[in-house]
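Chemist: Below are the structure tokens for one structure; questions will follow.
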Amino acid sequence: MASEEGGKLEFHPMDQFIVKPLFGEAGDPIHFYTITNVTFWMALAIGAISLLLVVGTRGRAIIPTRAQSMAELAYGFVYKMVEDVTGKDGLKYFPYIFTLFLFIIFSNFLGLIPMSFTTTSHIAVTAIMAFAVFFTVTIIGFVKNGAGFLSLFWVSSAPLALRPILAIIEVISYFVRPVSHSIRLAGNMMAGHAVLKVFAGFAQVGAVAPIAILGVVAIYGLEVLVSAIQAYVFTILTCVYLKDALHPHH
Amino acid sequence: MATEATDAAASSPGMPQLDFSTFPNQIFWLVVTLVVIYLILSKVALPRIASVLAERSGTITNDLAAAEELKLKAVEAEEAYNKALADARAEAQKIVAEAKAEIQSELDVATAKADAEIAAKAAESEKAIAEIRENAMQSVTEVANETAEALVGTLLPQAAGADVKAAVAARLKG
């Protein structure tokens with residue numbers, strides 16, 4: 001990804017994010033149905049999820065195997081998160097939230113495989129998920145509470161004079177949600193991978209190579225952490241937004 | 001052509017994330033992926049895990065209840081055992097006491113009977129001895145009288161019989 005040409009270091013830390021067709025020439029046009037590296041790595045995520053949650057639990061054992069235990073832990077973790085944040089009535093949305101969580105965490109971890117492609121580092125992917133959450137939550141809010149959902153913006157515990165101002169702030173923050181929701185995940189994944197590539201590029205230079213390799217190892221460790229945390233953050237924010245829709249009163 | 005395109009892509013200063021021409025592709029495959037994951041989860045994985053978890057918690061609850069029940073039973077059994085032991089002990093003591101009393105009473109009866117018999121026999125014997133003694137005394141008197149009379153009759157034919165008897169009686173006393 002980086003090459004030394006004529007004594008000048010060249011980095012291409014962003015090349016890893018290029019979407020390209022899996023078959024055929026690099027310059028082929030990319031239609032929506034073209035099978036690209038995005039398709040491949042998303043399919044791998046599906047495969048990994050199936051391996052853990054379907055193949056891993058096929059024994060249905062009372063005393064679980066290791067794989068089943070992990071699947072149960074993931075299930076219990078997200079189930080408890082949804083229950084704690086949204087309450088009992090949020091549990092019927094648990095499968096959707098669990099889908100998002102599993103897709104994000106598996107994509108993040110698959111993206112940490114060297115030479116891989118990180119689907120969640122693309123704003124197109126995270127924005128679609130964030131907007132899906134945003135619209136779903138807004139629709140649920142209005143269907144469940146009718147006009148009462150608007151009380152989310154009317155902070156009844158604040159002094160009356162402040163309420164209109166707060167309402168404006170609340171409305172703005174509400175509409176900024178999907179933006180921050182999506183950019184947080186894509187930005188974290190992209191930045192981490194780009195930094196890894198930059199350190200890897202420096203590893204070509206003899207003198208700083210040991211430090212660069214140490215840096216790659218350290219950043220990689222950090223990225224493992226970030227991958228899990230960002231999946232968690234995305235999921236718990238989804239739960240929080242869902243809670244606002246189900247119980248809009250402050 | 002291909003290399004030119006690659007060079008163009010590689011040297012383009014922008015981020016691949018903002019290459020809008022790839023957006024439809026990514027969005028399409030993302031939606032497909034999410035739907036597939038959702039179907040796998042909701043049709044297979046989640047019901048299975050939920051049933052396993054429910055079954056496990058049910059098993060644990062049942063086992064705990066069974067253990068509690070068994071514990072109660074054990075306590076009951078111990079109580080019953082102790083009670084039976086105490087009963088048996090009391091029964092044994094009672095039987096021993098009864099047997100002792102019975103033996104004692106039988107012994108008493110037997111002793112009394114034996115005593116009575118012995119007393120009767122002793123009395124009889126005493127009576128017999130007294131009779132024998134009396135007979136013997138009488139015989140001795142008679143024999144002495146007769147002997148004395150015979151001796152006196154032979155030596156002194158004129159001596160009266162009555163005097164001889166009185167003399168013999170006086171001698172026998174003396």
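By convention in this document, the chains of the structure tokens carry letters A, B, ... by their order, each chain's residues are numbered from 1, and ligands are numbered from 1 in the order they are shown.
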Please report as a PyMOL selection string which residues of chain A come no farther than 6 Å from chain B, using only C-alpha atoms.
Modeler: chain A and resi 17-18+27+32+39+53-54+60+62+99+122+124
Chemist: What's around region 133-143 of chain B at 10 Å? Count only C-alpha atoms, leave out sequence neighbours fewer than 6 positions away in its own chain, and write the answer as a PyMOL selection string.
Modeler: chain B and resi 127+149+165+168-169+172
Chemist: Keeping only N, CA, C and O atoms, write the selected residues to a file as a PDB file, in the first residue's frame.
Modeler:
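Dumped to out.pdb:
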ATOM      1  N   LYS B 127     -45.051 -83.847 114.060  1.00  0.00           N
ATOM      2  CA  LYS B 127     -46.145 -84.619 114.668  1.00  0.00           C
ATOM      3  C   LYS B 127     -45.761 -86.096 114.770  1.00  0.00           C
ATOM      4  O   LYS B 127     -45.919 -86.756 115.823  1.00  0.00           O
ATOM      5  N   GLU B 149     -41.925-105.766 137.206  1.00  0.00           N
ATOM      6  CA  GLU B 149     -42.910-106.666 137.823  1.00  0.00           C
ATOM      7  C   GLU B 149     -42.372-108.100 137.800  1.00  0.00           C
ATOM      8  O   GLU B 149     -42.460-108.840 138.792  1.00  0.00           O
ATOM      9  N   LYS B 165     -45.273-100.381 140.290  1.00  0.00           N
ATOM     10  CA  LYS B 165     -45.490 -99.381 139.222  1.00  0.00           C
ATOM     11  C   LYS B 165     -45.066 -97.998 139.668  1.00  0.00           C
ATOM     12  O   LYS B 165     -44.395 -97.274 138.930  1.00  0.00           O
ATOM     13  N   VAL B 168     -41.350 -97.768 139.753  1.00  0.00           N
ATOM     14  CA  VAL B 168     -40.757 -97.679 138.391  1.00  0.00           C
ATOM     15  C   VAL B 168     -40.919 -96.262 137.832  1.00  0.00           C
ATOM     16  O   VAL B 168     -39.968 -95.689 137.330  1.00  0.00           O
ATOM     17  N   ALA B 169     -42.160 -95.729 137.998  1.00  0.00           N
ATOM     18  CA  ALA B 169     -42.401 -94.352 137.488  1.00  0.00           C
ATOM     19  C   ALA B 169     -41.452 -93.383 138.150  1.00  0.00           C
ATOM     20  O   ALA B 169     -40.895 -92.518 137.483  1.00  0.00           O
ATOM     21  N   LEU B 172     -38.058 -93.816 136.583  1.00  0.00           N
ATOM     22  CA  LEU B 172     -37.962 -93.295 135.206  1.00  0.00           C
ATOM     23  C   LEU B 172     -37.849 -91.775 135.183  1.00  0.00           C
ATOM     24  O   LEU B 172     -37.150 -91.216 134.352  1.00  0.00           O
TER      25      LEU B 172
END
Chemist: List every residue of region 6-223 of chain A that DSSP, applied to the backbone of this structure, places in helix (DSSP H, G or I), and write the result as a VMD selection string.
Modeler: chain A and resid 15 to 17 37 to 55 66 to 86 88 to 111 119 to 121 123 to 152 160 to 202 209 to 223
Chemist: Skipping near chain neighbours, those fewer than 3 positions away, what residues fall within 12 Å of Ala212 (chain A) using only C-alpha atoms, listed as a list in words?
Modeler: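 Result of the neighbour search: Val195, Leu196, Lys197, Val198, Phe199, Ala200, Gly201, Phe202, Ala203, Gln204, Val205, Gly206, Ala207, Val208, Ala209, Gly215, Val216, Val217, Ala218, Ile219 and Tyr220 of chain A.
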Chemist: Excluding Thr136 (chain A) and its own-chain neighbours fewer than 3 positions away, which residues fall within 12 Å of it when counting only C-alpha atoms? Please give them as a CSV table (one decimal) with all heavy atoms, in the first residue's frame.
Modeler:
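Output saved as result28.csv:
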chain,number,residue,atom,x,y,z
A,93,TYR,N,-38.5,-5.4,19.8
A,93,TYR,CA,-37.5,-4.9,18.8
A,93,TYR,C,-36.1,-5.5,19.0
A,93,TYR,O,-35.2,-5.2,18.2
A,93,TYR,CB,-37.4,-3.4,18.9
A,93,TYR,CG,-38.8,-2.7,18.8
A,93,TYR,CD1,-39.4,-2.2,20.0
A,93,TYR,CD2,-39.5,-2.6,17.6
A,93,TYR,CE1,-40.6,-1.6,19.9
A,93,TYR,CE2,-40.7,-2.1,17.6
A,93,TYR,CZ,-41.3,-1.5,18.7
A,93,TYR,OH,-42.5,-1.0,18.7
A,96,TYR,N,-34.2,-6.9,15.9
A,96,TYR,CA,-33.6,-5.9,14.9
A,96,TYR,C,-32.4,-5.3,15.5
A,96,TYR,O,-31.4,-5.2,14.8
A,96,TYR,CB,-34.7,-4.8,14.7
A,96,TYR,CG,-36.0,-5.3,14.2
A,96,TYR,CD1,-37.1,-5.5,15.1
A,96,TYR,CD2,-36.1,-5.6,12.9
A,96,TYR,CE1,-38.3,-6.0,14.6
A,96,TYR,CE2,-37.3,-6.1,12.4
A,96,TYR,CZ,-38.4,-6.3,13.2
A,96,TYR,OH,-39.6,-6.8,12.8
A,97,ILE,N,-32.4,-5.0,16.8
A,97,ILE,CA,-31.2,-4.5,17.5
A,97,ILE,C,-30.1,-5.5,17.5
A,97,ILE,O,-28.9,-5.1,17.2
A,97,ILE,CB,-31.6,-4.0,18.9
A,97,ILE,CG1,-32.6,-2.8,18.8
A,97,ILE,CG2,-30.3,-3.5,19.6
A,97,ILE,CD1,-33.2,-2.4,20.1
A,128,ILE,N,-26.9,4.4,6.4
A,128,ILE,CA,-28.1,3.7,6.1
A,128,ILE,C,-28.7,3.1,7.4
A,128,ILE,O,-29.8,3.2,7.7
A,128,ILE,CB,-27.9,2.6,5.0
A,128,ILE,CG1,-27.7,3.2,3.6
A,128,ILE,CG2,-29.0,1.6,5.0
A,128,ILE,CD1,-28.9,4.1,3.2
A,129,MET,N,-27.7,2.5,8.2
A,129,MET,CA,-28.2,1.9,9.4
A,129,MET,C,-28.7,3.0,10.4
A,129,MET,O,-29.8,2.8,11.0
A,129,MET,CB,-27.1,1.1,10.1
A,129,MET,CG,-26.7,-0.2,9.3
A,129,MET,SD,-25.6,-1.3,10.2
A,129,MET,CE,-24.1,-0.3,10.2
A,130,ALA,N,-28.0,4.1,10.4
A,130,ALA,CA,-28.4,5.1,11.4
A,130,ALA,C,-29.7,5.7,11.0
A,130,ALA,O,-30.6,6.0,11.8
A,130,ALA,CB,-27.3,6.2,11.4
A,131,PHE,N,-29.9,6.0,9.7
A,131,PHE,CA,-31.1,6.6,9.2
A,131,PHE,C,-32.3,5.6,9.4
A,131,PHE,O,-33.4,6.0,9.7
A,131,PHE,CB,-31.0,7.1,7.8
A,131,PHE,CG,-30.5,8.4,7.7
A,131,PHE,CD1,-29.1,8.7,7.3
A,131,PHE,CD2,-31.2,9.5,8.1
A,131,PHE,CE1,-28.6,10.0,7.3
A,131,PHE,CE2,-30.7,10.8,8.0
A,131,PHE,CZ,-29.4,11.1,7.6
A,132,ALA,N,-32.0,4.3,9.2
A,132,ALA,CA,-33.0,3.3,9.4
A,132,ALA,C,-33.5,3.4,10.8
A,132,ALA,O,-34.7,3.3,11.1
A,132,ALA,CB,-32.5,1.9,9.0
A,133,VAL,N,-32.5,3.4,11.7
A,133,VAL,CA,-32.9,3.5,13.2
A,133,VAL,C,-33.7,4.8,13.4
A,133,VAL,O,-34.7,4.8,14.0
A,133,VAL,CB,-31.6,3.5,14.0
A,133,VAL,CG1,-31.9,3.9,15.5
A,133,VAL,CG2,-30.9,2.2,14.0
A,139,ILE,N,-41.0,6.9,13.6
A,139,ILE,CA,-42.4,6.3,13.3
A,139,ILE,C,-43.0,5.6,14.5
A,139,ILE,O,-44.1,5.8,14.8
A,139,ILE,CB,-42.2,5.4,12.1
A,139,ILE,CG1,-41.9,6.2,10.8
A,139,ILE,CG2,-43.5,4.6,11.9
A,139,ILE,CD1,-41.4,5.4,9.7
A,140,ILE,N,-42.2,4.8,15.2
A,140,ILE,CA,-42.7,4.1,16.4
A,140,ILE,C,-43.1,5.2,17.4
A,140,ILE,O,-44.2,5.0,18.0
A,140,ILE,CB,-41.6,3.2,17.0
A,140,ILE,CG1,-41.3,2.0,16.1
A,140,ILE,CG2,-42.0,2.8,18.4
A,140,ILE,CD1,-40.1,1.2,16.5
A,141,GLY,N,-42.4,6.2,17.6
A,141,GLY,CA,-42.7,7.3,18.5
A,141,GLY,C,-44.1,7.9,18.2
A,141,GLY,O,-44.9,8.0,19.1
A,142,PHE,N,-44.3,8.2,17.0
A,142,PHE,CA,-45.6,8.8,16.6
A,142,PHE,C,-46.8,7.8,16.6
A,142,PHE,O,-47.9,8.1,17.1
A,142,PHE,CB,-45.5,9.5,15.2
A,142,PHE,CG,-44.9,10.9,15.3
A,142,PHE,CD1,-43.7,11.1,14.7
A,142,PHE,CD2,-45.6,11.9,16.0
A,142,PHE,CE1,-43.1,12.4,14.8
A,142,PHE,CE2,-45.0,13.1,16.1
A,142,PHE,CZ,-43.8,13.4,15.5
A,143,VAL,N,-46.5,6.6,16.3
A,143,VAL,CA,-47.5,5.5,16.3
A,143,VAL,C,-47.9,5.2,17.7
A,143,VAL,O,-49.1,5.1,18.0
A,143,VAL,CB,-47.1,4.3,15.5
A,143,VAL,CG1,-48.0,3.1,15.8
A,143,VAL,CG2,-47.0,4.6,14.0
A,144,LYS,N,-46.9,5.1,18.6
A,144,LYS,CA,-47.2,4.7,20.0
A,144,LYS,C,-47.8,5.9,20.8
A,144,LYS,O,-48.7,5.6,21.6
A,144,LYS,CB,-46.0,4.2,20.7
A,144,LYS,CG,-45.4,3.0,20.1
A,144,LYS,CD,-45.8,1.8,21.0
A,144,LYS,CE,-45.3,0.5,20.3
A,144,LYS,NZ,-45.9,-0.7,20.9
A,178,PRO,N,-28.9,11.0,13.7
A,178,PRO,CA,-28.4,10.0,12.7
A,178,PRO,C,-27.0,10.3,12.2
A,178,PRO,O,-26.3,9.4,11.9
A,178,PRO,CB,-29.5,10.0,11.6
A,178,PRO,CG,-30.2,11.3,11.8
A,178,PRO,CD,-30.1,11.6,13.2
A,238,THR,N,-28.9,3.1,19.8
A,238,THR,CA,-30.2,2.6,19.2
A,238,THR,C,-31.2,2.4,20.3
A,238,THR,O,-32.4,2.8,20.2
A,238,THR,CB,-29.9,1.4,18.4
A,238,THR,OG1,-28.9,1.6,17.5
A,238,THR,CG2,-31.2,0.9,17.7
A,239,CYS,N,-30.8,1.7,21.4
A,239,CYS,CA,-31.7,1.4,22.5
A,239,CYS,C,-32.2,2.7,23.1
A,239,CYS,O,-33.4,2.9,23.4
A,239,CYS,CB,-31.0,0.6,23.5
A,239,CYS,SG,-30.6,-1.1,23.0
A,241,TYR,N,-32.5,5.7,21.7
A,241,TYR,CA,-33.4,6.4,20.8
A,241,TYR,C,-34.8,5.6,20.9
A,241,TYR,O,-35.8,6.3,20.9
A,241,TYR,CB,-32.9,6.4,19.4
A,241,TYR,CG,-31.6,7.1,19.2
A,241,TYR,CD1,-30.7,6.9,18.1
A,241,TYR,CD2,-31.2,8.1,20.2
A,241,TYR,CE1,-29.6,7.6,18.0
A,241,TYR,CE2,-30.0,8.7,20.1
A,241,TYR,CZ,-29.2,8.5,19.0
A,241,TYR,OH,-28.0,9.2,18.8
A,242,LEU,N,-34.7,4.3,21.0
A,242,LEU,CA,-35.9,3.6,21.0
A,242,LEU,C,-36.7,3.9,22.3
A,242,LEU,O,-37.9,4.0,22.3
A,242,LEU,CB,-35.6,2.1,20.9
A,242,LEU,CG,-36.8,1.1,20.9
A,242,LEU,CD1,-37.7,1.4,19.7
A,242,LEU,CD2,-36.3,-0.3,20.8
A,245,ALA,N,-38.6,6.9,22.0
A,245,ALA,CA,-39.8,6.8,21.2
A,245,ALA,C,-40.9,6.1,22.0
A,245,ALA,O,-42.0,6.5,21.9
A,245,ALA,CB,-39.5,6.0,20.0
A,246,LEU,N,-40.5,5.2,22.9
A,246,LEU,CA,-41.5,4.4,23.6
A,246,LEU,C,-42.0,5.2,24.8
A,246,LEU,O,-43.1,5.2,25.2
A,246,LEU,CB,-41.0,3.1,24.1
A,246,LEU,CG,-40.6,2.1,22.9
A,246,LEU,CD1,-39.9,0.9,23.5
A,246,LEU,CD2,-41.9,1.6,22.2
Chemist: CA of Leu22 (chain A) and CA of Asn37 (chain A), how far apart in Å?
Modeler: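 Calculated distance between CA of Asn37 (chain A) and CA of Leu22 (chain A) is 5.5 Å.
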Chemist: Skipping near chain neighbours, those fewer than 2 positions away, what residues fall within 9 Å of Ala45 (chain A) using only C-alpha atoms, listed as a count of residues only?
Modeler: 15
Chemist: Between A:Phe117, A:Tyr174, A:Phe109, A:Phe153, which residue has the minimum interatomic distance to Lys20 (chain A), considering only C-alpha atoms?
Modeler: A:Phe117
Chemist: Please identify all polymer residues within 8 Å of Trp154 (chain A), counting only C-alpha atoms, omitting same-chain residues fewer than 3 positions from it, and present them as number ranges by chain.
Modeler: A: 150-151, 163-164, 166-167
Chemist: Per DSSP on the backbone, filter region 8-238 of chain A down to the residues in strand (DSSP E or B) and report them as a VMD selection string.
Modeler: chain A and resid 8 to 10 21 36
Chemist: Can I get the selection written as a short mmCIF file (atom, residue, chain, number, x, y, z; two decimals), in the first residue's frame, with C-alpha atoms?
Modeler:
data_model
loop_
_atom_site.label_atom_id
_atom_site.label_comp_id
_atom_site.auth_asym_id
_atom_site.auth_seq_id
_atom_site.Cartn_x
_atom_site.Cartn_y
_atom_site.Cartn_z
CA LYS A 8 10.29 9.48 -1.56
CA LEU A 9 7.87 7.64 0.71
CA GLU A 10 4.39 7.26 -0.73
CA PRO A 21 -15.55 -5.40 -8.30
CA THR A 36 -17.76 -6.26 -5.09
#
Chemist: Quick one: distance from CA of Ser156 (chain A) to CA of Pro248 (chain A) in Å, one decimal?
Modeler: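 About the pair CA of Ser156 (chain A) and CA of Pro248 (chain A): they are 11.5 Å apart.
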